[in-house]
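This report refers to the structure that appears directly beneath it.
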Amino acid sequence: MLKRHRASVELLPHDVVELILERLPVDSLLRFKSVSKNWKSTIDSGRFQQGQFIRRKQSRGPDVLCLPFSNDGLEDEDNTYAKRFVSGSSVASTLKFPVSRKLFCYGSCDGLLCLYSLCEQSASVVVNPATRWHRTFPLSNVQHLSIEKFNICEYNAYTLPRLGFGKDKVTGTYKPVFLYNSYEFKPDSVTTCEVFDFSTNAWRYLVHASPYRILGYYDPVYLDGSLYYLTNEETKVPPFIFPAETFEVKLLSLDLHTETFQVICKTPTHYSSNNPYTITMCILHDRLCVSEINWPIQEIWLLDGANKTWMII
């Protein structure tokens, strides 16, 4: 059938072919790469993949990814643990990993998910559930320190470091980032920032990390070229020397291109050392969002990035 229709396909202008291909699901595109070298080159190009991803989001709305453990987290016969990735209303794929204790970076970046561990000597991984493509990368310094603390049962004595994952919008490169409060591991600075470089397959330190400690209970959130963290700008010392207190929370950004930090604005939320888990940060309608539980009400606020103001919804 392919040979019978090849001539009519080749009569179409290639820009028309691209517009048609952009409207197809990923599993179809993977098969159509074998039609011709020209189609394969188009489908493999970053420009086409970005356009196809944006079109899918616009036509179908945001995808919901469901990531349960298979067999209730029990190990399979081949010493791997399977996770099923559900996109929208259909199963995208089931992938297996050699360890069970994988943590997920918040959300996805261009359809990519990032998984990591803080208590096992296992590589981190970036995975595309739709195509099954994945790439592993080595442990960071703070992961090695976390594993040491886990092995000597000090795991609950400090806030877990959280991995952020995003994209430099200028160069198009992806960057896993660990930003953590240094006093939990070493007392030489306020925060430490490690960034992974896929071109060298190695972690490196940012010389100028955040000048303020972050509130480490919350996952960093990626949006539009930056990772966002919650901080108390005035507080530069460890929280455990304070009595129970409540204070204002501010929004801290890391520009993934310039690799510089900036306090953006105050948030409408308040941090309580008695119950820090009343605050949540996430992405809603492609905008940064913070939420706070004031029992029995949960308030949700959207950030207007242009005016640096918050709107309650």
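Chain labels follow the order of the structure tokens: the first chain is A, the next B, and so on; residue numbering restarts at 1 in every chain, and ligands are counted from 1 in their shown order.
The residues of segment 124-257 of chain A that DSSP assigns to alpha helix (DSSP H) on this backbone come out as Asn141, Val142, Gln143, His144, Leu145, Ser146, Ile147, Glu148, Lys149, Phe150 and Asn151 of chain A.
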inquiry  = If we count only C-alpha atoms and set the cut-off at 7 Å, which residues sit around Val190 of chain A, ignoring sequence neighbours fewer than 2 positions away in its own chain? Please answer as a PyMOL selection string.
reply    = chain A and resi 181-183+211-213+236
Give me a file of those residues, with N, CA and C atoms, as a short mmCIF file (atom, residue, chain, number, x, y, z; two decimals), in the first residue's frame.
```cif
data_model
loop_
_atom_site.label_atom_id
_atom_site.label_comp_id
_atom_site.auth_asym_id
_atom_site.auth_seq_id
_atom_site.Cartn_x
_atom_site.Cartn_y
_atom_site.Cartn_z
N ASN A 181 19.76 23.93 50.98
CA ASN A 181 20.33 24.72 52.08
C ASN A 181 21.61 24.06 52.56
N SER A 182 22.70 24.79 52.51
CA SER A 182 24.02 24.21 52.76
C SER A 182 24.22 23.76 54.20
N TYR A 183 23.57 24.42 55.18
CA TYR A 183 23.82 24.08 56.58
C TYR A 183 23.41 22.65 56.89
N PRO A 211 21.39 33.75 47.62
CA PRO A 211 21.89 34.34 48.87
C PRO A 211 20.96 34.10 50.05
N TYR A 212 19.80 33.47 49.82
CA TYR A 212 18.83 33.23 50.88
C TYR A 212 18.49 31.75 50.91
N ARG A 213 18.27 31.23 52.11
CA ARG A 213 17.90 29.83 52.20
C ARG A 213 16.51 29.63 51.60
N LYS A 236 18.49 34.29 56.88
CA LYS A 236 19.70 33.71 56.32
C LYS A 236 20.30 32.65 57.24
#
```
query = Quick one: of A:Arg132, A:Lys102, A:Arg162, A:Arg23, who's nearest to Tyr218 of chain A, counting only C-alpha atoms?
reply = A:Arg162
ask   = Contacts of Thr258 of chain A at 10 Å or less, counting only C-alpha atoms, minus same-chain residues fewer than 2 places along, as JSON, numbers by chain?
value = {"A": [168, 170, 226, 254, 255, 256, 260, 261]}
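Here atom CA of Ile43 of chain A stands at a distance of 27.8 Å from atom CA of Phe104 of chain A.
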ask   = When distances are computed from only C-alpha atoms, which of A:Glu148, A:Asp286, A:Asp197, A:Asp219 shows the smallest separation from Tyr180 of chain A?
value =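 Distance minimum relative to Tyr180 of chain A lands on A:Asp219.
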Close residues, Tyr271 of chain A itself excluded, 8 Å, only C-alpha atoms, min 4 positions apart in chain, as a PyMOL selection string = chain A and resi 246-249+275-276+279
ask   = What is the distance, in Å and to one decimal place, between atom CA of Ser210 of chain A and atom CA of Leu112 of chain A?
value =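 So the answer is 26.3 Å.
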task = Please provide as number ranges by chain all residues within 6 Å of Leu303 of chain A, with the sequence filter that same-chain residues fewer than 4 positions apart are discarded (counting only C-alpha atoms).
result = A: 288, 309-310
Contacts of Leu179 of chain A at 9 Å or less, counting only C-alpha atoms, minus same-chain residues fewer than 2 places along, as a short mmCIF file (atom, residue, chain, number, x, y, z; two decimals) with all heavy atoms, in the first residue's frame?
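Listed below is the output, result28.cif:
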```cif
data_model
loop_
_atom_site.label_atom_id
_atom_site.label_comp_id
_atom_site.auth_asym_id
_atom_site.auth_seq_id
_atom_site.Cartn_x
_atom_site.Cartn_y
_atom_site.Cartn_z
N PRO A 161 16.56 17.19 49.88
CA PRO A 161 16.80 18.04 48.71
C PRO A 161 15.88 17.64 47.57
O PRO A 161 15.58 16.46 47.38
CB PRO A 161 18.28 17.74 48.36
CG PRO A 161 18.55 16.41 48.96
CD PRO A 161 17.70 16.29 50.17
N ARG A 162 15.40 18.62 46.83
CA ARG A 162 14.44 18.37 45.75
C ARG A 162 15.10 18.73 44.41
O ARG A 162 15.66 19.82 44.25
CB ARG A 162 13.17 19.21 45.94
CG ARG A 162 12.54 19.12 47.33
CD ARG A 162 12.03 17.73 47.63
NE ARG A 162 11.46 17.64 48.98
CZ ARG A 162 10.15 17.63 49.23
NH1 ARG A 162 9.28 17.72 48.25
NH2 ARG A 162 9.72 17.54 50.47
N LEU A 163 15.00 17.83 43.45
CA LEU A 163 15.57 18.07 42.13
C LEU A 163 14.59 18.86 41.27
O LEU A 163 13.39 18.55 41.21
CB LEU A 163 15.89 16.74 41.44
CG LEU A 163 16.55 16.84 40.05
CD1 LEU A 163 17.92 17.49 40.14
CD2 LEU A 163 16.66 15.46 39.41
N GLY A 164 15.10 19.91 40.60
CA GLY A 164 14.32 20.64 39.62
C GLY A 164 14.77 20.27 38.22
O GLY A 164 15.93 19.91 38.00
N VAL A 177 18.63 20.42 38.21
CA VAL A 177 19.23 21.35 39.17
C VAL A 177 18.88 20.92 40.59
O VAL A 177 17.72 20.66 40.91
CB VAL A 177 18.72 22.79 38.93
CG1 VAL A 177 19.28 23.73 40.00
CG2 VAL A 177 19.08 23.29 37.54
N ASN A 181 19.76 23.93 50.98
CA ASN A 181 20.33 24.72 52.08
C ASN A 181 21.61 24.06 52.56
O ASN A 181 21.62 22.90 52.97
CB ASN A 181 19.32 24.83 53.22
CG ASN A 181 18.08 25.60 52.81
OD1 ASN A 181 18.17 26.61 52.10
ND2 ASN A 181 16.93 25.14 53.24
N THR A 191 23.25 28.64 50.61
CA THR A 191 22.71 27.58 49.75
C THR A 191 23.80 27.08 48.81
O THR A 191 24.79 27.77 48.56
CB THR A 191 21.52 28.07 48.90
OG1 THR A 191 21.95 29.15 48.07
CG2 THR A 191 20.36 28.52 49.77
N THR A 192 23.60 25.89 48.29
CA THR A 192 24.48 25.32 47.29
C THR A 192 23.64 24.92 46.08
O THR A 192 22.53 24.41 46.25
CB THR A 192 25.23 24.08 47.83
OG1 THR A 192 26.00 24.47 48.96
CG2 THR A 192 26.15 23.48 46.78
N CYS A 193 24.16 25.17 44.88
CA CYS A 193 23.43 24.84 43.66
C CYS A 193 24.30 23.98 42.76
O CYS A 193 25.42 24.36 42.40
CB CYS A 193 23.01 26.11 42.93
SG CYS A 193 21.91 25.80 41.52
N GLU A 194 23.79 22.80 42.41
CA GLU A 194 24.46 21.90 41.47
C GLU A 194 23.61 21.80 40.20
O GLU A 194 22.39 21.59 40.26
CB GLU A 194 24.64 20.51 42.08
CG GLU A 194 25.49 20.48 43.34
CD GLU A 194 25.66 19.06 43.87
OE1 GLU A 194 26.13 18.19 43.11
OE2 GLU A 194 25.32 18.83 45.05
N VAL A 195 24.27 21.93 39.05
CA VAL A 195 23.60 21.86 37.75
C VAL A 195 24.25 20.76 36.92
O VAL A 195 25.48 20.68 36.85
CB VAL A 195 23.70 23.21 36.99
CG1 VAL A 195 23.02 23.12 35.63
CG2 VAL A 195 23.09 24.34 37.81
N ALA A 209 25.26 30.97 44.16
CA ALA A 209 23.96 30.36 44.41
C ALA A 209 23.04 31.38 45.07
O ALA A 209 23.40 32.55 45.23
CB ALA A 209 24.12 29.11 45.27
N SER A 210 21.87 30.95 45.47
CA SER A 210 20.93 31.87 46.10
C SER A 210 21.51 32.43 47.39
O SER A 210 22.05 31.70 48.22
CB SER A 210 19.62 31.14 46.40
OG SER A 210 18.79 31.94 47.22
N ILE A 214 16.30 28.47 51.00
CA ILE A 214 15.01 28.15 50.43
C ILE A 214 14.17 27.40 51.47
O ILE A 214 14.70 26.87 52.45
CB ILE A 214 15.14 27.30 49.16
CG1 ILE A 214 15.87 25.98 49.46
CG2 ILE A 214 15.87 28.08 48.07
CD1 ILE A 214 15.82 24.99 48.31
N GLY A 216 12.72 24.27 51.99
CA GLY A 216 13.02 23.01 51.32
C GLY A 216 11.92 21.98 51.32
O GLY A 216 12.11 20.88 50.79
N PRO A 220 10.72 22.43 43.51
CA PRO A 220 10.86 23.52 42.55
C PRO A 220 9.94 23.29 41.36
O PRO A 220 9.68 22.14 40.98
CB PRO A 220 12.34 23.46 42.15
CG PRO A 220 12.77 22.06 42.48
CD PRO A 220 11.94 21.62 43.64
#
```
key: Distance of atom CA of Phe137 of chain A from atom CA of Phe198 of chain A, expressed in Å to one decimal place   =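 Computing the Euclidean distance for atom CA of Phe198 of chain A and atom CA of Phe137 of chain A yields 8.0 Å.
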request  = Tell me which protein, DNA and RNA residues are within 10 Å of segment 44-53 of chain A, counting only C-alpha atoms, leaving out same-chain ones fewer than 5 positions away, and put them as an MDAnalysis selection string.
outcome  = chainID A and resid 18:19 21:26 29:30 33 38:39 58 110:111 172
